[in-house]
>>> print(open('final21.cif').read())   # mmCIF, C-alpha atoms
data_entry
loop_
_atom_site.label_atom_id
_atom_site.label_comp_id
_atom_site.auth_asym_id
_atom_site.auth_seq_id
_atom_site.Cartn_x
_atom_site.Cartn_y
_atom_site.Cartn_z
CA MET A 23 52.62 98.17 34.57
CA ASN A 24 55.53 100.46 35.28
CA LYS A 25 58.33 97.98 36.01
CA ASP A 26 60.64 100.56 37.61
CA LEU A 27 58.05 101.76 40.09
CA ALA A 28 56.74 98.27 40.80
CA LYS A 29 60.13 96.87 41.83
CA LYS A 30 59.41 96.90 45.57
CA LEU A 31 55.65 97.34 45.86
CA ALA A 32 53.91 95.89 42.83
CA PRO A 33 50.34 96.59 41.71
CA GLY A 34 47.66 94.00 42.37
CA HIS A 35 47.27 95.28 45.91
CA SER A 36 43.69 96.03 46.80
CA ALA A 37 44.03 99.52 48.24
CA CYS A 38 41.04 101.73 47.40
CA ALA A 39 41.09 103.51 44.05
CA GLY A 40 42.79 106.85 44.68
CA CYS A 41 44.59 105.84 47.88
CA ALA A 42 47.71 107.82 48.75
CA PHE A 43 49.97 105.33 50.49
CA PRO A 44 51.11 103.17 47.55
CA SER A 45 52.82 106.14 46.02
CA ILE A 46 54.22 107.19 49.44
CA VAL A 47 55.76 103.72 49.86
CA ARG A 48 57.18 103.69 46.32
CA THR A 49 58.61 107.19 46.59
CA ILE A 50 60.37 106.47 49.89
CA LEU A 51 61.67 103.02 48.95
CA GLY A 52 62.77 104.43 45.59
CA GLU A 53 65.40 106.44 47.46
CA ALA A 54 66.94 103.37 49.11
CA THR A 55 70.45 102.59 47.90
CA THR A 56 70.85 99.36 49.88
CA PRO A 57 68.50 96.36 50.13
CA VAL A 58 65.66 96.88 52.60
CA VAL A 59 63.77 94.66 55.03
CA ILE A 60 60.29 95.81 55.91
CA SER A 61 58.13 95.36 58.94
CA ASN A 62 54.55 96.53 58.74
CA ALA A 63 52.08 97.16 61.53
CA THR A 64 48.51 96.02 61.00
CA GLY A 65 46.59 98.64 59.06
CA CYS A 66 45.30 99.49 55.62
CA LEU A 67 48.70 99.04 53.98
CA GLU A 68 49.19 95.56 55.43
CA VAL A 69 45.62 94.41 54.84
CA THR A 70 45.50 95.50 51.21
CA SER A 71 48.99 94.48 50.10
CA THR A 72 49.12 90.91 51.44
CA ILE A 73 45.93 89.11 50.54
CA TYR A 74 46.70 85.39 50.45
CA PRO A 75 47.99 83.82 48.19
CA TYR A 76 49.36 87.02 46.67
CA THR A 77 51.77 89.54 48.11
CA ALA A 78 52.41 92.86 46.42
CA TRP A 79 55.78 93.13 48.20
CA ASN A 80 58.86 92.17 46.26
CA VAL A 81 61.19 92.79 49.20
CA PRO A 82 61.54 90.86 52.47
CA TYR A 83 58.48 91.81 54.45
CA ILE A 84 57.12 90.86 57.86
CA HIS A 85 53.67 91.60 59.08
CA SER A 86 53.58 91.92 62.84
CA ALA A 87 50.68 92.63 65.12
CA PHE A 88 49.19 96.09 65.52
CA GLU A 89 51.39 97.15 68.42
CA ASN A 90 54.81 95.72 67.76
CA ALA A 91 56.08 96.65 64.29
CA ALA A 92 59.01 98.54 65.84
CA ALA A 93 59.78 95.68 68.25
CA THR A 94 59.74 93.21 65.35
CA ILE A 95 62.23 95.23 63.33
CA SER A 96 64.43 95.54 66.44
CA GLY A 97 64.70 91.76 66.58
CA VAL A 98 65.35 91.46 62.86
CA GLU A 99 68.05 94.09 63.05
CA ARG A 100 69.81 92.38 65.97
CA ALA A 101 69.61 89.01 64.18
CA TYR A 102 71.18 90.66 61.14
CA LEU A 103 73.99 92.11 63.25
CA ALA A 104 74.67 88.69 64.75
CA ALA A 105 74.69 87.02 61.32
CA ARG A 106 77.00 89.70 60.01
CA LYS A 107 79.39 89.21 62.89
CA LYS A 108 79.57 85.52 62.03
CA GLY A 109 80.20 86.39 58.40
CA LYS A 110 76.93 84.85 57.17
CA ILE A 111 75.72 88.12 55.64
CA LYS A 112 78.07 90.60 54.06
CA LYS A 113 75.84 93.22 52.45
CA LYS A 114 74.54 96.34 54.13
CA ILE A 115 70.80 96.30 54.80
CA LYS A 116 68.46 99.08 55.87
CA PHE A 117 65.46 98.26 58.04
CA VAL A 118 62.22 100.05 57.41
CA VAL A 119 58.91 100.08 59.27
CA PHE A 120 55.59 101.25 57.88
CA GLY A 121 52.73 101.96 60.25
CA GLY A 122 49.51 103.89 60.05
CA ASP A 123 48.63 106.52 62.61
CA GLY A 124 46.61 104.01 64.65
CA GLY A 125 49.57 101.64 64.85
CA THR A 126 51.95 104.45 65.68
CA TYR A 127 50.29 107.29 67.60
CA ASP A 128 48.17 104.95 69.72
CA ILE A 129 48.75 101.23 69.71
CA GLY A 130 52.40 100.94 68.69
CA LEU A 131 53.71 103.91 70.65
CA GLN A 132 55.48 102.05 73.42
CA ALA A 133 57.16 99.60 71.02
CA LEU A 134 58.27 102.56 68.91
CA SER A 135 59.60 104.39 71.95
CA GLY A 136 61.54 101.32 73.06
CA ALA A 137 63.10 100.78 69.64
CA LEU A 138 64.05 104.46 69.32
CA GLU A 139 65.64 104.41 72.75
CA ARG A 140 67.67 101.26 72.01
CA GLY A 141 68.97 102.96 68.88
CA HIS A 142 68.36 100.27 66.26
CA ASN A 143 69.30 101.07 62.68
CA PHE A 144 65.82 101.58 61.25
CA LEU A 145 63.59 104.12 59.58
CA TYR A 146 60.02 104.35 60.88
CA ILE A 147 57.45 105.80 58.51
CA VAL A 148 53.97 106.66 59.62
CA TYR A 149 51.44 107.34 56.88
CA ASP A 150 48.99 109.56 58.69
CA ASN A 151 45.40 109.33 57.48
CA GLY A 152 43.99 110.45 60.80
CA GLY A 153 42.00 107.43 61.92
CA TYR A 154 41.43 103.69 61.89
CA MET A 155 40.40 103.64 58.25
CA ASN A 156 40.56 99.92 57.58
CA THR A 157 37.93 99.18 60.22
CA GLY A 158 35.63 101.99 59.14
CA ASN A 159 36.94 105.32 60.40
CA GLN A 160 37.19 105.28 64.17
CA ARG A 161 38.98 108.24 65.73
CA SER A 162 42.65 107.96 66.63
CA SER A 163 44.85 110.43 68.46
CA ALA A 164 45.92 111.73 65.04
CA THR A 165 42.36 112.66 64.02
CA PRO A 166 42.12 116.45 63.72
CA TYR A 167 39.87 118.57 65.90
CA GLY A 168 36.33 118.85 64.54
CA ALA A 169 36.45 115.77 62.29
CA GLY A 170 33.39 113.55 62.18
CA THR A 171 34.24 109.85 62.58
CA GLU A 172 32.33 106.74 63.55
CA THR A 173 33.26 107.23 67.20
CA THR A 174 32.87 111.03 67.17
CA PRO A 175 29.61 111.16 65.21
CA ILE A 176 27.98 114.42 64.21
CA GLY A 177 24.67 115.26 65.81
CA GLU A 178 22.83 117.81 67.89
CA GLU A 179 25.21 117.46 70.81
CA SER A 180 28.43 116.77 68.94
CA SER A 181 30.42 118.66 66.32
CA GLY A 182 33.09 116.02 65.83
CA LYS A 183 36.27 115.28 67.71
CA VAL A 184 36.95 117.64 70.62
CA GLU A 185 40.57 116.71 71.38
CA LEU A 186 43.65 118.01 69.62
CA ARG A 187 46.07 115.88 67.61
CA LYS A 188 48.84 114.27 69.58
CA ASN A 189 52.22 115.92 69.05
CA LEU A 190 53.99 112.76 67.92
CA MET A 191 56.84 114.63 66.26
CA GLY A 192 57.69 116.16 69.64
CA ILE A 193 57.48 112.79 71.39
CA VAL A 194 59.79 111.15 68.85
CA ALA A 195 62.21 114.08 68.84
CA ALA A 196 62.40 113.80 72.64
CA HIS A 197 64.24 110.49 72.16
CA ASN A 198 67.15 112.55 70.82
CA ILE A 199 67.35 110.70 67.53
CA SER A 200 69.24 112.36 64.72
CA TYR A 201 66.53 112.75 62.08
CA VAL A 202 62.79 113.37 62.39
CA ALA A 203 60.75 114.93 59.59
CA GLN A 204 57.22 115.68 58.51
CA ALA A 205 56.49 115.44 54.80
CA ASN A 206 53.64 115.48 52.34
CA ILE A 207 53.09 113.30 49.28
CA ALA A 208 51.99 116.32 47.23
CA ASN A 209 55.47 117.85 47.66
CA MET A 210 57.30 114.94 46.13
CA ALA A 211 60.73 116.56 45.84
CA ASP A 212 60.63 117.41 49.53
CA LEU A 213 59.50 113.87 50.43
CA LYS A 214 62.32 112.36 48.34
CA MET A 215 64.88 114.61 49.97
CA LYS A 216 63.66 113.64 53.44
CA ALA A 217 63.52 109.93 52.59
CA LYS A 218 67.09 110.10 51.34
CA LYS A 219 68.29 111.82 54.50
CA ALA A 220 66.34 109.47 56.77
CA LEU A 221 67.61 106.34 55.00
CA ALA A 222 71.20 107.56 55.23
CA VAL A 223 71.08 107.80 59.04
CA ASP A 224 72.96 105.03 60.82
CA GLY A 225 70.51 104.59 63.68
CA PRO A 226 66.85 105.38 64.16
CA SER A 227 65.08 107.98 62.03
CA PHE A 228 61.44 108.92 61.67
CA LEU A 229 59.14 110.25 58.95
CA THR A 230 55.51 111.35 59.18
CA VAL A 231 53.79 111.53 55.81
CA PHE A 232 50.37 113.00 55.12
CA SER A 233 48.13 110.37 53.51
CA PRO A 234 44.63 111.49 52.47
CA CYS A 235 41.96 108.77 52.66
CA THR A 236 39.37 108.96 49.90
CA ASN A 237 36.89 106.63 51.55
CA ASN A 238 36.65 108.01 55.07
CA TRP A 239 37.58 111.65 54.57
CA LYS A 240 34.86 111.47 51.95
CA PHE A 241 36.24 113.06 48.82
CA PRO A 242 36.28 111.93 45.16
CA THR A 243 38.95 109.32 44.36
CA SER A 244 40.82 111.65 42.03
CA GLN A 245 41.60 114.27 44.67
CA TYR A 246 44.29 113.00 47.02
CA VAL A 247 47.12 115.07 45.56
CA ALA A 248 45.03 118.25 45.44
CA ILE A 249 43.89 117.83 49.06
CA ALA A 250 47.38 117.02 50.32
CA LYS A 251 48.62 120.15 48.57
CA LEU A 252 45.95 122.27 50.23
CA ALA A 253 46.89 120.87 53.65
CA THR A 254 50.35 122.38 53.33
CA GLU A 255 49.18 125.60 51.68
CA THR A 256 46.80 126.26 54.58
CA ASN A 257 49.49 125.46 57.21
CA PHE A 258 47.39 122.52 58.39
CA TRP A 259 50.34 120.24 57.59
CA PRO A 260 53.60 122.21 57.78
CA LEU A 261 56.72 120.66 56.25
CA TYR A 262 59.58 120.61 58.70
CA GLU A 263 62.46 118.50 59.90
CA ILE A 264 64.36 118.11 63.16
CA GLU A 265 67.99 117.32 62.44
CA ASN A 266 70.12 116.66 65.52
CA GLY A 267 67.64 118.60 67.63
CA LYS A 268 67.53 121.60 65.29
CA TYR A 269 64.15 122.46 63.80
CA LYS A 270 63.96 123.61 60.21
CA LEU A 271 60.90 124.73 58.29
CA ASN A 272 61.25 123.44 54.73
CA TRP A 273 58.53 125.48 53.12
CA GLU A 274 56.25 128.26 54.21
CA PRO A 275 53.39 129.69 52.17
CA LYS A 276 53.78 133.42 51.61
CA MET A 277 50.05 133.92 52.01
CA PRO A 278 48.55 130.95 53.86
CA LYS A 279 45.09 130.07 52.60
CA PRO A 280 42.27 129.90 55.17
CA VAL A 281 41.99 126.40 56.60
CA ALA A 282 38.34 126.32 55.44
CA ASP A 283 39.69 125.84 51.87
CA PHE A 284 41.16 122.53 53.01
CA LEU A 285 38.21 121.49 55.19
CA LYS A 286 35.52 122.09 52.59
CA THR A 287 37.04 119.51 50.25
CA GLN A 288 36.09 116.71 52.65
CA GLY A 289 32.83 115.22 53.85
CA ARG A 290 34.15 114.60 57.36
CA PHE A 291 34.21 118.38 57.95
CA LYS A 292 30.96 119.17 56.13
CA HIS A 293 29.11 119.94 59.38
CA LEU A 294 31.57 122.74 60.22
CA PHE A 295 30.01 124.92 57.53
CA SER A 296 26.60 125.10 59.16
CA GLU A 297 25.51 128.24 61.02
CA LYS A 298 25.55 126.40 64.35
CA ASN A 299 29.16 125.25 64.01
CA LYS A 300 30.71 128.59 63.08
CA PRO A 301 32.57 128.78 66.43
CA VAL A 302 34.01 125.29 65.84
CA LEU A 303 35.31 126.35 62.42
CA ALA A 304 36.90 129.43 63.99
CA GLN A 305 38.44 127.20 66.63
CA VAL A 306 39.98 124.94 63.92
CA GLN A 307 41.59 127.99 62.33
CA LYS A 308 42.88 129.11 65.74
CA ILE A 309 44.38 125.68 66.44
CA VAL A 310 46.11 125.60 63.04
CA ASN A 311 47.52 129.11 63.53
CA GLU A 312 48.79 128.35 67.03
CA GLU A 313 50.34 125.04 66.01
CA PHE A 314 52.10 126.63 63.05
CA ALA A 315 53.33 129.51 65.20
CA ARG A 316 54.65 127.00 67.75
CA ILE A 317 56.61 125.08 65.11
CA ALA A 318 57.86 128.23 63.38
CA GLY A 319 58.98 129.54 66.77
CA LEU A 320 61.09 126.42 67.30
CA CYS A 321 62.76 126.79 63.90
CA GLU A 322 65.93 128.75 63.48
CA ILE A 323 65.72 131.89 61.45
CA MET B 23 49.41 75.62 50.28
CA GLU B 24 53.01 76.66 50.45
CA LYS B 25 55.27 75.13 53.03
CA GLY B 26 56.24 77.38 55.90
CA ALA B 27 55.08 80.90 56.41
CA ILE B 28 56.88 82.56 53.52
CA ILE B 29 55.02 83.70 50.44
CA LYS B 30 57.01 84.71 47.37
CA HIS B 31 55.92 87.61 45.23
CA ASP B 32 54.41 86.25 42.04
CA LEU B 33 52.65 88.66 39.74
CA LYS B 34 50.78 85.80 38.08
CA LYS B 35 48.81 85.33 41.29
CA ALA B 36 47.90 89.00 41.47
CA PRO B 37 44.22 89.79 41.28
CA LYS B 38 43.57 92.00 38.27
CA THR B 39 42.40 94.95 40.27
CA GLY B 40 41.54 96.78 37.06
CA SER B 41 38.27 94.85 37.03
CA TRP B 42 36.98 97.30 39.69
CA ARG B 43 37.13 100.11 37.23
CA TYR B 44 34.10 102.02 36.04
CA MET B 45 35.97 105.03 34.70
CA LYS B 46 38.89 104.78 32.33
CA PRO B 47 41.69 107.30 31.75
CA GLU B 48 42.50 108.03 28.14
CA VAL B 49 45.69 109.84 27.24
CA ASP B 50 45.57 112.32 24.40
CA LYS B 51 49.08 111.63 23.07
CA GLU B 52 49.09 114.79 20.97
CA LYS B 53 48.40 116.94 24.03
CA CYS B 54 50.70 115.04 26.44
CA ILE B 55 53.95 116.95 27.04
CA GLY B 56 55.72 113.94 28.53
CA CYS B 57 56.40 115.53 31.93
CA GLY B 58 55.76 112.29 33.84
CA THR B 59 53.85 113.89 36.73
CA CYS B 60 51.08 111.29 36.53
CA VAL B 61 53.55 108.39 36.69
CA SER B 62 54.67 108.81 40.28
CA PHE B 63 51.25 109.73 41.68
CA CYS B 64 49.50 106.67 40.23
CA PRO B 65 48.62 104.43 43.21
CA ASP B 66 48.86 101.33 41.06
CA ALA B 67 52.06 102.08 39.16
CA CYS B 68 50.28 101.50 35.90
CA ILE B 69 51.47 104.48 33.88
CA GLU B 70 54.62 104.18 31.82
CA MET B 71 56.35 106.65 29.56
CA LYS B 72 56.51 105.07 26.11
CA LYS B 73 57.69 106.12 22.69
CA HIS B 74 54.88 107.52 20.58
CA LYS B 75 55.40 107.75 16.82
CA ASP B 76 58.30 110.10 16.11
CA ASP B 77 57.83 112.36 19.14
CA LYS B 78 61.04 113.40 20.85
CA ARG B 79 59.64 112.90 24.37
CA ASP B 80 58.05 109.71 25.63
CA LYS B 81 54.32 109.91 26.30
CA ALA B 82 52.18 108.55 29.14
CA ASP B 83 50.71 105.12 28.49
CA VAL B 84 48.22 103.39 30.81
CA ASP B 85 48.15 99.66 31.62
CA TYR B 86 44.49 98.80 32.21
CA GLU B 87 45.10 95.47 33.95
CA PHE B 88 45.68 97.20 37.27
CA CYS B 89 44.23 100.67 36.69
CA LYS B 90 41.32 101.16 39.10
CA GLY B 91 40.13 104.30 37.34
CA CYS B 92 40.60 106.63 40.32
CA GLY B 93 41.34 109.62 38.11
CA VAL B 94 44.37 110.92 40.00
CA CYS B 95 46.39 111.03 36.76
CA ALA B 96 43.74 113.20 35.07
CA GLN B 97 43.66 115.51 38.10
CA VAL B 98 47.45 116.06 38.33
CA CYS B 99 48.04 116.45 34.59
CA PRO B 100 49.20 120.05 34.04
CA VAL B 101 47.88 120.20 30.46
CA ARG B 102 44.70 118.12 30.91
CA ALA B 103 45.84 115.54 28.42
CA ILE B 104 44.14 112.72 30.33
CA LEU B 105 40.36 112.40 30.18
CA MET B 106 38.22 110.05 32.27
CA LYS B 107 35.66 108.15 30.20
CA LYS B 108 32.99 105.64 31.19
CA ASN B 109 34.45 102.16 30.97
#
>>> encode(input="final21.cif", output="structure tokens")
Amino acid sequence: MNKDLAKKLAPGHSACAGCAFPSIVRTILGEATTPVVISNATGCLEVTSTIYPYTAWNVPYIHSAFENAAATISGVERAYLAARKKGKIKKKIKFVVFGGDGGTYDIGLQALSGALERGHNFLYIVYDNGGYMNTGNQRSSATPYGAGTETTPIGEESSGKVELRKNLMGIVAAHNISYVAQANIANMADLKMKAKKALAVDGPSFLTVFSPCTNNWKFPTSQYVAIAKLATETNFWPLYEIENGKYKLNWEPKMPKPVADFLKTQGRFKHLFSEKNKPVLAQVQKIVNEEFARIAGLCEI
Amino acid sequence: MEKGAIIKHDLKKAPKTGSWRYMKPEVDKEKCIGCGTCVSFCPDACIEMKKHKDDKRDKADVDYEFCKGCGVCAQVCPVRAILMKKN
């Protein structure tokens, strides 16, 4: 066991072999300079890391319900401020929330919005695996267009999800918070830089991190880094940050690869490569191009 | 049962998740350049850089108690010094 890495999230958790989020959590928390308190929405991370009587967390950690991770941390933060005022706690503490896309894009959205608006001192991290993976891959509003899931099954009439991904970055940025960023575990230096910036903010900050799911995206367990890398190289998952309202693109491929390179690595998009679904594949490429152009247009040159 | 709702982290109670494994990573210490790429991508934090013989740079070393055999380390290794073998 690597003692340095295991300081905050130890092994012994039961995440699938080849899951991306343990290393996302360790990388982000590794950048913390003060003690942290963690609140975690229901989801894969919570389910796999806290199986009674063991907990993989070696930091103060609260599991809340699916919808209120941000509300829970709000309460903890206010209790901390009160205790500090009375002189009961002297040290500086950073509050951190982890949620999956289900607990953030869909179920926890109003709690998140409330906490952002009240301006609590916390960092919210969403590990985005595009679905409700822990219950067997139901679609969420973060599931990409064309993906086959349990609730958007592939068949004669259906070629996967027909809606676009929700623009959560835009929604969060609309709360006028000082730091919002989108990162990818495959670009670790970029993720570390963003985690550092986000943890340094005195107030709310937000990170979206790409988290490939071996089980439900249907790819071999060894591939999460390679697939995450392809997502950014094809512009499917651009790396950008919004600092005090200013957009900045952190990396742009000189020659973006076709999005098919990313899609063909995963079983959930397998149907897009049939003759019948050619228009759907073209539509995916169009959506990716338009979304990237929209973000690039918002960024300063 | 513990009193209250607080559970303390205790590694002794950890399930040895390595028992899931059916593939096993083996590090070729002669080939390993000691870059440490595999360390941070390992989902189970079970790779450590350790001194190997008289080599100047520390080499990757796998702890099999928690290694689930996913093969991420072998995939990210820039010099293919890690091979997956049947357990």
>>> atom_distance(input="final21.cif", atom1="atom CA of Tyr262 of chain A", atom2="atom CA of Val61 of chain B")
25.9 Å
>>> closest_atom_pairs(input="final21.cif", of="chain B", to="chain A", cutoff="7 Å", atoms="only C-alpha atoms", output="JSON lines")
{"residue": "B:His31", "atom": "CA", "partner": "A:Thr77", "partner_atom": "CA", "distance": 5.4}
{"residue": "B:Asp32", "atom": "CA", "partner": "A:Tyr76", "partner_atom": "CA", "distance": 6.9}
{"residue": "B:Lys35", "atom": "CA", "partner": "A:Tyr76", "partner_atom": "CA", "distance": 5.7}
{"residue": "B:Ala36", "atom": "CA", "partner": "A:Gly34", "partner_atom": "CA", "distance": 5.1}
{"residue": "B:Pro37", "atom": "CA", "partner": "A:Gly34", "partner_atom": "CA", "distance": 5.5}
{"residue": "B:Lys38", "atom": "CA", "partner": "A:Gly34", "partner_atom": "CA", "distance": 6.1}
{"residue": "B:Thr39", "atom": "CA", "partner": "A:Gly34", "partner_atom": "CA", "distance": 5.7}
{"residue": "B:Ser62", "atom": "CA", "partner": "A:Ser45", "partner_atom": "CA", "distance": 6.6}
{"residue": "B:Phe63", "atom": "CA", "partner": "A:Ser45", "partner_atom": "CA", "distance": 5.8}
{"residue": "B:Cys64", "atom": "CA", "partner": "A:Ser45", "partner_atom": "CA", "distance": 6.7}
{"residue": "B:Pro65", "atom": "CA", "partner": "A:Pro44", "partner_atom": "CA", "distance": 5.2}
{"residue": "B:Asp66", "atom": "CA", "partner": "A:Pro33", "partner_atom": "CA", "distance": 5.0}
{"residue": "B:Ala67", "atom": "CA", "partner": "A:Asn24", "partner_atom": "CA", "distance": 5.5}
{"residue": "B:Cys68", "atom": "CA", "partner": "A:Met23", "partner_atom": "CA", "distance": 4.3}
{"residue": "B:Ile69", "atom": "CA", "partner": "A:Asn24", "partner_atom": "CA", "distance": 5.9}
{"residue": "B:Glu70", "atom": "CA", "partner": "A:Asn24", "partner_atom": "CA", "distance": 5.2}
{"residue": "B:Asp85", "atom": "CA", "partner": "A:Met23", "partner_atom": "CA", "distance": 5.6}
{"residue": "B:Phe88", "atom": "CA", "partner": "A:Gly34", "partner_atom": "CA", "distance": 6.3}
{"residue": "B:Lys90", "atom": "CA", "partner": "A:Ala39", "partner_atom": "CA", "distance": 5.5}
{"residue": "B:Gly91", "atom": "CA", "partner": "A:Ala39", "partner_atom": "CA", "distance": 6.8}
{"residue": "B:Cys92", "atom": "CA", "partner": "A:Gly40", "partner_atom": "CA", "distance": 4.9}
{"residue": "B:Gly93", "atom": "CA", "partner": "A:Ser244", "partner_atom": "CA", "distance": 4.4}
{"residue": "B:Val94", "atom": "CA", "partner": "A:Ser244", "partner_atom": "CA", "distance": 4.2}
{"residue": "B:Gln97", "atom": "CA", "partner": "A:Ser244", "partner_atom": "CA", "distance": 6.2}
>>> atom_distance(input="final21.cif", atom1="atom CA of Met106 of chain B", atom2="atom CA of Trp42 of chain B")
14.8 Å
>>> residues_near_point(input="final21.cif", point="(65.2, 130.2, 67.2)", cutoff="10 Å", atoms="all atoms listed in the file", output="NGL selection string")
:A and (268-270 or 318-323)
>>> write_last_selection(input="final21.cif", atoms="C-alpha atoms", output="PDB file, in the frame of the given file")
ATOM      1  CA  LYS A 268      67.530 121.600  65.290  1.00  0.00           C
ATOM      2  CA  TYR A 269      64.150 122.460  63.800  1.00  0.00           C
ATOM      3  CA  LYS A 270      63.960 123.610  60.210  1.00  0.00           C
ATOM      4  CA  ALA A 318      57.860 128.230  63.380  1.00  0.00           C
ATOM      5  CA  GLY A 319      58.980 129.540  66.770  1.00  0.00           C
ATOM      6  CA  LEU A 320      61.090 126.420  67.300  1.00  0.00           C
ATOM      7  CA  CYS A 321      62.760 126.790  63.900  1.00  0.00           C
ATOM      8  CA  GLU A 322      65.930 128.750  63.480  1.00  0.00           C
ATOM      9  CA  ILE A 323      65.720 131.890  61.450  1.00  0.00           C
TER      10      ILE A 323
END
>>> resolve_selection(input="final21.cif", expression="the PyMOL selection byres ((chain A and resi 211) around 12)", output="ChimeraX atom specification")
/A:46,49-50,53,205-210,212-218,261,272-273 /B:59,62
>>> closest_residue(input="final21.cif", among="A:Val119, A:Ala250, A:Leu190, A:Val306", to="Thr287 of chain A", atoms="all atoms listed in the file")
A:Ala250
>>> atom_distance(input="final21.cif", atom1="atom CA of Ala63 of chain A", atom2="atom CA of Ala164 of chain A")
16.2 Å
>>> residues_around(input="final21.cif", residues="Ser180 of chain A", least_positions_apart="3", cutoff="12 Å", atoms="all atoms listed in the file", output="ChimeraX atom specification")
/A:167-171,173-177,183-184,293-294,298-299,302
>>> residues_around(input="final21.cif", residues="Gln307 of chain A", least_positions_apart="4", cutoff="9 Å", atoms="all atoms listed in the file", output="NGL selection string")
:A and (258 or 280-282 or 302-303 or 311-312)
>>> residues_around(input="final21.cif", residues="Met45 of chain B", least_positions_apart="2", cutoff="7 Å", atoms="all atoms listed in the file", output="PyMOL selection string")
chain B and resi 43+47+91+106-109
>>> resolve_selection(input="final21.cif", expression="the PyMOL selection byres ((chain A and resi 94) around 10)", output="PyMOL selection string")
chain A and resi 60-63+84-87+89-93+95-99+119+133+137
>>> resolve_selection(input="final21.cif", expression="the PyMOL selection byres ((chain A and resi 126) around 12)", output="ChimeraX atom specification")
/A:62-65,87-92,119-125,127-135,146-154,162-164,188-191,193-194,228-230
>>> build_atoms(input="final21.cif", residues="segment 103-119 of chain A", atoms="N, CA and C atoms", output="compact mmCIF listing (two decimals), keeping the file's coordinate frame")
# COMPACT_ATOMS: atom_id res chain seq x y z
N LEU A 103 72.68 91.75 62.72
CA LEU A 103 73.99 92.11 63.25
C LEU A 103 74.77 90.87 63.68
N ALA A 104 74.03 89.93 64.30
CA ALA A 104 74.67 88.69 64.75
C ALA A 104 75.17 87.89 63.56
N ALA A 105 74.32 87.78 62.51
CA ALA A 105 74.69 87.02 61.32
C ALA A 105 75.88 87.67 60.61
N ARG A 106 75.91 88.98 60.67
CA ARG A 106 77.00 89.70 60.01
C ARG A 106 78.32 89.48 60.74
N LYS A 107 78.22 89.44 62.06
CA LYS A 107 79.39 89.21 62.89
C LYS A 107 80.00 87.84 62.59
N LYS A 108 79.10 86.87 62.34
CA LYS A 108 79.57 85.52 62.03
C LYS A 108 79.98 85.38 60.57
N GLY A 109 79.81 86.44 59.81
CA GLY A 109 80.20 86.39 58.40
C GLY A 109 79.18 85.73 57.49
N LYS A 110 77.96 85.51 57.99
CA LYS A 110 76.93 84.85 57.17
C LYS A 110 76.29 85.83 56.18
N ILE A 111 76.23 87.09 56.55
CA ILE A 111 75.72 88.12 55.64
C ILE A 111 76.80 89.17 55.48
N LYS A 112 77.03 89.59 54.24
CA LYS A 112 78.07 90.60 54.06
C LYS A 112 77.48 91.96 53.70
N LYS A 113 76.34 91.94 52.97
CA LYS A 113 75.84 93.22 52.45
C LYS A 113 75.20 94.08 53.54
N LYS A 114 75.15 95.38 53.23
CA LYS A 114 74.54 96.34 54.13
C LYS A 114 73.03 96.34 53.89
N ILE A 115 72.26 96.32 54.94
CA ILE A 115 70.80 96.30 54.80
C ILE A 115 70.19 97.41 55.64
N LYS A 116 69.17 98.07 55.09
CA LYS A 116 68.46 99.08 55.87
C LYS A 116 67.11 98.50 56.30
N PHE A 117 66.72 98.78 57.51
CA PHE A 117 65.46 98.26 58.04
C PHE A 117 64.41 99.36 58.07
N VAL A 118 63.26 99.04 57.58
CA VAL A 118 62.22 100.05 57.41
C VAL A 118 60.90 99.55 58.01
N VAL A 119 60.22 100.43 58.72
CA VAL A 119 58.91 100.08 59.27
C VAL A 119 57.86 101.00 58.67
